[in-house]
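Peer 1: My file is my_file_22.tsv. It has TSV, C-alpha atoms:
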```
chain	number	residue	atom	x	y	z
A	67	MET	CA	19.17	1.64	-24.74
A	68	THR	CA	19.40	3.56	-28.02
A	69	SER	CA	16.52	5.86	-27.10
A	70	ARG	CA	18.17	6.51	-23.73
A	71	ILE	CA	21.44	7.49	-25.44
A	72	GLU	CA	19.60	9.76	-27.87
A	73	GLN	CA	17.85	11.42	-24.92
A	74	LEU	CA	21.18	12.01	-23.21
A	75	VAL	CA	22.65	13.51	-26.39
A	76	GLN	CA	19.86	16.09	-26.53
A	77	GLN	CA	20.41	16.87	-22.85
A	78	LEU	CA	23.96	17.99	-23.69
A	79	ASP	CA	22.36	21.23	-24.83
A	80	GLY	CA	20.37	21.68	-21.63
A	81	GLU	CA	21.08	23.63	-18.48
A	82	ALA	CA	24.49	23.18	-16.92
A	83	GLY	CA	23.46	20.58	-14.34
A	84	ALA	CA	21.53	18.37	-16.76
A	85	SER	CA	24.24	18.75	-19.40
A	86	TYR	CA	26.97	17.74	-16.96
A	87	ASP	CA	25.00	14.68	-15.82
A	88	ALA	CA	24.38	13.63	-19.44
A	89	ARG	CA	28.05	14.13	-20.25
A	90	ALA	CA	29.11	11.93	-17.34
A	91	GLU	CA	26.67	9.15	-18.27
A	92	LEU	CA	27.71	9.18	-21.92
A	93	ILE	CA	31.37	8.96	-20.93
A	94	TRP	CA	30.51	6.02	-18.68
A	95	MET	CA	28.75	4.29	-21.60
A	96	GLY	CA	31.88	4.73	-23.67
A	97	SER	CA	32.12	3.67	-27.31
A	98	GLU	CA	28.55	2.35	-27.30
A	99	ALA	CA	27.29	5.94	-27.18
A	100	ILE	CA	29.54	7.37	-29.90
A	101	PRO	CA	27.38	6.66	-33.01
A	102	ALA	CA	24.35	8.36	-31.45
A	103	ILE	CA	26.40	11.39	-30.41
A	104	ILE	CA	27.78	11.69	-33.94
A	105	ASP	CA	24.28	11.47	-35.41
A	106	GLY	CA	22.97	14.05	-32.95
A	107	LEU	CA	25.72	16.63	-33.43
A	108	PRO	CA	23.95	18.66	-36.17
A	109	SER	CA	20.90	19.18	-33.93
A	110	LEU	CA	22.96	20.54	-31.04
A	111	GLY	CA	23.79	24.17	-30.42
A	112	GLY	CA	27.26	25.43	-29.63
A	113	PHE	CA	27.15	24.49	-25.94
A	114	GLY	CA	25.96	20.97	-26.72
A	115	GLN	CA	28.60	20.48	-29.39
A	116	LEU	CA	31.35	21.63	-27.04
A	117	THR	CA	30.14	19.16	-24.43
A	118	ALA	CA	30.00	16.43	-27.07
A	119	ILE	CA	33.62	17.18	-27.95
A	120	GLU	CA	34.52	16.67	-24.30
A	121	VAL	CA	32.82	13.27	-24.41
A	122	PHE	CA	34.70	12.35	-27.59
A	123	GLU	CA	38.03	13.19	-25.93
A	124	GLU	CA	37.23	11.28	-22.75
A	125	VAL	CA	36.05	8.15	-24.59
A	126	GLY	CA	38.92	8.28	-27.08
A	127	ASP	CA	37.12	6.51	-29.92
A	128	PRO	CA	38.74	7.26	-33.32
A	129	ARG	CA	35.33	7.00	-35.00
A	130	CYS	CA	34.82	10.57	-33.74
A	131	GLY	CA	37.40	11.80	-36.26
A	132	PRO	CA	35.14	12.58	-39.24
A	133	ALA	CA	32.58	14.30	-37.00
A	134	LEU	CA	35.27	16.46	-35.44
A	135	ILE	CA	36.64	17.34	-38.87
A	136	GLY	CA	33.13	18.43	-39.83
A	137	LEU	CA	33.01	20.74	-36.82
A	138	LEU	CA	36.01	22.65	-38.20
A	139	ASP	CA	33.46	24.31	-40.50
A	140	SER	CA	31.22	25.40	-37.63
A	141	ASP	CA	30.07	29.02	-37.40
A	142	ASN	CA	31.20	28.97	-33.75
A	143	PRO	CA	34.92	29.76	-33.32
A	144	THR	CA	35.11	27.99	-29.97
A	145	VAL	CA	33.63	24.83	-31.48
A	146	ARG	CA	36.22	25.00	-34.27
A	147	GLU	CA	39.01	25.47	-31.75
A	148	TRP	CA	37.92	22.63	-29.47
A	149	ALA	CA	37.40	20.32	-32.45
A	150	ALA	CA	40.95	21.03	-33.62
A	151	ILE	CA	42.41	20.30	-30.20
A	152	ALA	CA	40.38	17.09	-29.90
A	153	LEU	CA	41.58	15.89	-33.31
A	154	ALA	CA	45.16	16.17	-32.12
A	155	SER	CA	44.40	14.65	-28.72
A	156	LEU	CA	42.83	11.64	-30.44
A	157	GLU	CA	45.74	11.47	-32.93
A	158	ILE	CA	43.51	11.61	-36.00
A	159	ASP	CA	46.13	11.72	-38.76
A	160	ASP	CA	43.53	12.33	-41.49
A	161	ALA	CA	42.87	15.70	-39.85
A	162	VAL	CA	46.08	17.38	-41.01
A	163	GLU	CA	44.80	18.82	-44.29
A	164	PRO	CA	41.42	19.88	-42.84
A	165	LEU	CA	43.30	21.58	-40.00
A	166	ARG	CA	45.51	23.40	-42.49
A	167	ARG	CA	42.40	24.59	-44.33
A	168	ALA	CA	40.85	25.68	-41.03
A	169	TYR	CA	43.96	27.66	-40.17
A	170	ARG	CA	44.02	29.40	-43.55
A	171	ALA	CA	40.34	30.19	-43.06
A	172	CYS	CA	41.25	31.90	-39.75
A	173	LEU	CA	43.76	34.07	-41.54
A	174	ASP	CA	41.28	34.82	-44.33
A	175	ARG	CA	38.83	36.02	-41.69
A	176	ALA	CA	41.62	38.26	-40.33
A	177	THR	CA	41.52	36.48	-36.98
A	178	PRO	CA	44.59	37.73	-35.06
A	179	PRO	CA	47.15	34.90	-34.72
A	180	ASP	CA	47.27	35.37	-30.94
A	181	TRP	CA	43.57	34.56	-30.51
A	182	THR	CA	42.68	31.18	-29.10
A	183	GLU	CA	41.30	29.58	-32.28
A	184	PRO	CA	44.42	29.90	-34.45
A	185	ASP	CA	46.53	29.14	-31.38
A	186	GLY	CA	44.63	25.90	-30.85
A	187	ILE	CA	44.90	24.90	-34.49
A	188	ARG	CA	48.65	25.54	-34.53
A	189	TRP	CA	48.97	23.37	-31.41
A	190	ALA	CA	47.00	20.60	-33.10
A	191	LEU	CA	49.14	20.72	-36.24
A	192	THR	CA	52.28	20.63	-34.10
A	193	GLU	CA	51.03	17.64	-32.11
A	194	LEU	CA	50.21	15.77	-35.33
A	195	GLY	CA	53.71	16.43	-36.68
A	196	ALA	CA	52.52	18.79	-39.42
A	197	ARG	CA	54.11	21.93	-37.95
A	198	SER	CA	57.60	22.39	-36.54
A	199	PRO	CA	58.04	25.47	-34.33
A	200	VAL	CA	61.33	27.30	-34.82
A	201	VAL	CA	63.39	26.90	-31.65
A	202	PRO	CA	66.69	28.81	-31.90
A	203	PRO	CA	69.80	27.15	-30.41
A	204	LEU	CA	70.12	29.35	-27.32
A	205	THR	CA	66.42	28.98	-26.51
A	206	ALA	CA	66.70	25.21	-26.89
A	207	ARG	CA	69.81	25.11	-24.69
A	208	LEU	CA	68.21	27.20	-21.94
A	209	ARG	CA	65.18	24.92	-21.95
A	210	ALA	CA	67.46	21.94	-21.50
A	211	THR	CA	68.75	23.37	-18.21
A	212	ALA	CA	65.29	23.00	-16.66
A	213	ALA	CA	63.74	19.80	-15.37
A	214	ASP	CA	62.04	17.59	-17.96
A	215	ASP	CA	58.61	18.38	-16.53
A	216	ALA	CA	59.21	22.12	-16.15
A	217	PRO	CA	56.35	24.22	-17.58
A	218	GLY	CA	58.66	26.44	-19.63
A	219	TRP	CA	61.97	28.20	-19.12
A	220	PRO	CA	63.50	29.53	-15.87
A	221	SER	CA	62.22	33.09	-15.60
A	222	ALA	CA	65.74	34.38	-14.96
A	223	HIS	CA	66.47	33.71	-18.65
A	224	PHE	CA	63.40	35.55	-19.95
A	225	THR	CA	65.35	38.45	-21.51
A	226	GLU	CA	67.79	36.10	-23.24
A	227	ILE	CA	64.92	34.08	-24.69
A	228	VAL	CA	63.15	37.20	-25.99
A	229	ASN	CA	66.25	38.43	-27.79
A	230	ASP	CA	67.11	34.98	-29.13
A	231	LEU	CA	63.64	34.52	-30.61
A	232	ALA	CA	63.57	38.01	-32.12
A	233	ASP	CA	67.10	37.59	-33.51
A	234	HIS	CA	65.76	34.55	-35.37
A	235	ALA	CA	62.76	36.49	-36.75
A	236	GLN	CA	60.17	34.96	-34.43
A	237	VAL	CA	57.19	36.98	-33.18
A	238	ILE	CA	56.32	36.48	-29.52
A	239	LEU	CA	52.56	36.53	-29.00
A	240	TYR	CA	52.20	36.27	-25.23
A	241	CYS	CA	53.75	34.67	-22.16
A	242	GLN	CA	52.44	32.63	-19.25
A	243	PHE	CA	54.07	32.33	-15.85
A	244	TRP	CA	54.11	29.29	-13.61
A	245	ARG	CA	55.31	28.45	-10.11
A	246	VAL	CA	56.45	24.95	-9.24
A	247	ASP	CA	56.09	24.10	-5.56
A	248	ALA	CA	56.63	20.62	-4.14
A	249	GLY	CA	56.09	19.07	-7.55
A	250	ARG	CA	52.85	20.94	-8.21
A	251	THR	CA	52.47	23.62	-10.87
A	252	TYR	CA	50.45	26.79	-10.38
A	253	GLY	CA	49.66	29.53	-12.88
A	254	ILE	CA	50.62	32.95	-11.54
A	255	SER	CA	49.92	36.46	-12.76
A	256	GLY	CA	52.50	38.18	-14.89
A	257	THR	CA	52.95	41.87	-15.57
A	258	ALA	CA	49.41	42.61	-16.82
A	259	LEU	CA	50.90	44.19	-19.95
A	260	ASP	CA	48.45	43.84	-22.81
A	261	TRP	CA	49.77	44.67	-26.24
A	262	GLU	CA	48.24	44.42	-29.69
A	263	LEU	CA	50.23	44.10	-32.89
A	264	ASP	CA	49.21	45.50	-36.26
A	265	TRP	CA	49.03	42.30	-38.25
A	266	ALA	CA	48.92	44.28	-41.51
A	267	ALA	CA	52.43	45.56	-40.80
A	268	PRO	CA	55.53	43.99	-42.42
A	269	TRP	CA	56.89	40.92	-40.66
A	270	GLU	CA	60.11	42.68	-39.62
A	271	HIS	CA	58.06	45.39	-37.89
A	272	LEU	CA	56.05	42.73	-36.03
A	273	VAL	CA	59.27	41.09	-34.84
A	274	ASP	CA	60.60	44.42	-33.52
A	275	GLU	CA	57.35	45.42	-31.84
A	276	ALA	CA	56.97	42.04	-30.17
A	277	ARG	CA	60.58	42.23	-28.96
A	278	THR	CA	60.03	45.70	-27.48
A	279	TRP	CA	56.90	44.70	-25.59
A	280	SER	CA	58.36	41.37	-24.46
A	281	LEU	CA	61.54	43.01	-23.13
A	282	LEU	CA	59.37	45.42	-21.16
A	283	GLU	CA	57.46	42.47	-19.78
A	284	ALA	CA	60.73	40.70	-18.93
A	285	SER	CA	61.89	43.75	-16.97
A	286	GLU	CA	58.79	43.57	-14.78
A	287	ALA	CA	58.23	39.83	-14.67
A	288	PRO	CA	58.36	37.75	-11.48
A	289	VAL	CA	61.70	36.01	-10.98
A	290	GLY	CA	62.66	33.10	-8.76
A	291	ASP	CA	64.14	29.63	-8.82
A	292	ASP	CA	60.62	28.20	-8.74
A	293	ILE	CA	59.15	30.48	-11.43
A	294	PHE	CA	59.03	29.60	-15.11
A	295	VAL	CA	57.96	31.51	-18.20
A	296	ALA	CA	56.32	29.91	-21.22
A	297	PRO	CA	56.30	32.23	-24.24
A	298	THR	CA	54.20	31.47	-27.29
A	299	TRP	CA	55.64	32.57	-30.62
A	300	ILE	CA	55.11	32.15	-34.34
A	301	ASP	CA	57.25	32.04	-37.46
A	302	ARG	CA	56.68	33.98	-40.67
A	303	THR	CA	55.24	30.79	-42.21
A	304	ASP	CA	52.48	30.81	-39.58
A	305	LEU	CA	51.24	34.18	-40.84
A	306	TYR	CA	51.91	33.48	-44.52
A	307	PRO	CA	51.32	29.74	-45.01
A	308	GLU	CA	51.65	28.14	-48.40
A	309	ARG	CA	48.40	27.88	-50.29
```
Translate this structure into structure tokens?
Peer 2:
Amino acid sequence: MTSRIEQLVQQLDGEAGASYDARAELIWMGSEAIPAIIDGLPSLGGFGQLTAIEVFEEVGDPRCGPALIGLLDSDNPTVREWAAIALASLEIDDAVEPLRRAYRACLDRATPPDWTEPDGIRWALTELGARSPVVPPLTARLRATAADDAPGWPSAHFTEIVNDLADHAQVILYCQFWRVDAGRTYGISGTALDWELDWAAPWEHLVDEARTWSLLEASEAPVGDDIFVAPTWIDRTDLYPER
């Protein structure tokens, strides 16, 4: 059986069809396959490691924790991002400090905070209770008016949310729009505005620029009782974390 598992691990790096089949069989094997996947990780390329991370998440074995922490040092930013998300999904508490180091490494590489890797790491730290997003009172109150399972805030309040966040020195990075229809949630296109902030600028300038762009987006955004907006924002401490 061991040789069969090892063969499947190497197939994770193969063509899409073979990789998907190997992934499915390893998930079916469950915890029995985990040690061999961990041992085989260093020999896999980026695609294989990403597929292995998917197996780790599906199986849910906490023994994956140290291997996932090791992947935070990968040369592949997507592998680092997926490893961070998996660590939070598996509730690996020992991952908090490695995740903080990984986030500081992102900033040291001048990775823009709105890129997916730092975004994923911030999400992981939040899920593990090591980061508390700033949610101003009005923003929190407006969220409370929506259903518990709503994917954000009612789009009619978008302008109020933008100003509330900016008034509390938060920088809005981007927004996603969702439609809820008969209990199902669908992603919908927004305004197609695409802005870039100068992350070398002072924090106050970033707040003002993000407010300006976000208010423009709010003026053009879809509105309806079934449409919700989910902004992503950061605090000053996310750009200048303690060392």
Peer 1: For Trp189 of chain A, which residue among A:Glu226, A:Gln115, A:Ile300, A:Trp261 is the nearest when counting only C-alpha atoms?
Peer 2: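 That would be A:Ile300, the residue with the smallest distance to Trp189 of chain A.
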Peer 1: So what do you get for atom CA of Pro288 of chain A versus atom CA of Arg188 of chain A, distance-wise?
Peer 2: 27.8 Å
Peer 1: So how many Å separate atom CA of Leu194 of chain A and atom CA of Pro179 of chain A, to one decimal?
Peer 2: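 Atom CA of Leu194 of chain A sits 19.4 Å away from atom CA of Pro179 of chain A.
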Peer 1: Within 12 Å of segment 229-234 of chain A, counting all atoms listed in the file, which residues show up once you throw out same-chain ones fewer than 4 positions away? Write them as number ranges by chain, please.
Peer 2: A: 199-208, 223-225, 238-239, 269-282, 284, 297-302
Peer 1: Give me, as a PDB file with C-alpha atoms, in the coordinates of the input, all polymer residues having an atom no more than 12 Å from Tyr252 of chain A, counting all atoms listed in the file and skipping those fewer than 3 positions away in the same chain.
Peer 2:
```pdb
ATOM      1  CA  ALA A 216      59.210  22.120 -16.150  1.00  0.00           C
ATOM      2  CA  PRO A 217      56.350  24.220 -17.580  1.00  0.00           C
ATOM      3  CA  GLN A 242      52.440  32.630 -19.250  1.00  0.00           C
ATOM      4  CA  PHE A 243      54.070  32.330 -15.850  1.00  0.00           C
ATOM      5  CA  TRP A 244      54.110  29.290 -13.610  1.00  0.00           C
ATOM      6  CA  ARG A 245      55.310  28.450 -10.110  1.00  0.00           C
ATOM      7  CA  VAL A 246      56.450  24.950  -9.240  1.00  0.00           C
ATOM      8  CA  ASP A 247      56.090  24.100  -5.560  1.00  0.00           C
ATOM      9  CA  ALA A 248      56.630  20.620  -4.140  1.00  0.00           C
ATOM     10  CA  GLY A 249      56.090  19.070  -7.550  1.00  0.00           C
ATOM     11  CA  SER A 255      49.920  36.460 -12.760  1.00  0.00           C
ATOM     12  CA  ASP A 292      60.620  28.200  -8.740  1.00  0.00           C
ATOM     13  CA  ILE A 293      59.150  30.480 -11.430  1.00  0.00           C
ATOM     14  CA  PHE A 294      59.030  29.600 -15.110  1.00  0.00           C
ATOM     15  CA  VAL A 295      57.960  31.510 -18.200  1.00  0.00           C
TER      16      VAL A 295
END
```
Peer 1: May I ask which of the residues A:Ser198, A:Ser69, A:Thr182, A:Thr117 is the closest one to Ile93 of chain A, counting all atoms listed in the file?
Peer 2: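 Going through A:Ser198, A:Ser69, A:Thr182, A:Thr117 one by one, the smallest distance to Ile93 of chain A is for A:Thr117.
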Peer 1: Just checking: using all atoms listed in the file, which residue out of A:Ala171, A:Ala161, A:Ile151, A:Ala287 ends up closest to Ala190 of chain A?
Peer 2: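 The shortest atom-to-atom distance to Ala190 of chain A comes from A:Ile151.
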Peer 1: Taking (42.5, 46.5, -40.3) in the file's coordinates as the center, which residues reach within 12 Å of it, counting only C-alpha atoms, put as a list in words?
Peer 2: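 Here is the list of nearby residues: Arg175, Ala176, Thr177, Pro178, Leu263, Asp264, Trp265, Ala266 and Ala267 of chain A.
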Peer 1: Within 10 Å of Asp160 of chain A, counting only C-alpha atoms, which residues qualify if same-chain residues fewer than 5 places away don't, as a list of chain:residue names?
Peer 2: A:Gly131, A:Pro132, A:Ile135, A:Leu153, A:Leu165, A:Leu194
Peer 1: Calculate, to one decimal in Å, the centre and edge lengths of the box along x, y and z of the file that holds all listed atoms of segment 93-112 of chain A with 4 Å of margin on each side, and present them as JSON.
Peer 2:
```
{"center_x": 26.5, "center_y": 13.9, "center_z": -27.4, "size_x": 19.2, "size_y": 31.1, "size_z": 25.5}
```
Peer 1: Pick out the residues sitting within 10 Å of Gly136 of chain A, and hand them over as a VMD selection string; count all atoms listed in the file, and ignore anything fewer than 6 positions along from it in its own chain.
Peer 2: chain A and resid 107 to 108 146 149 164
Peer 1: Compare A:Ala133, A:Leu305, A:Ala99, A:Ala235 by their minimum atom-to-atom distance to Cys172 of chain A, counting only C-alpha atoms, and give me the closest one.
Peer 2: A:Leu305
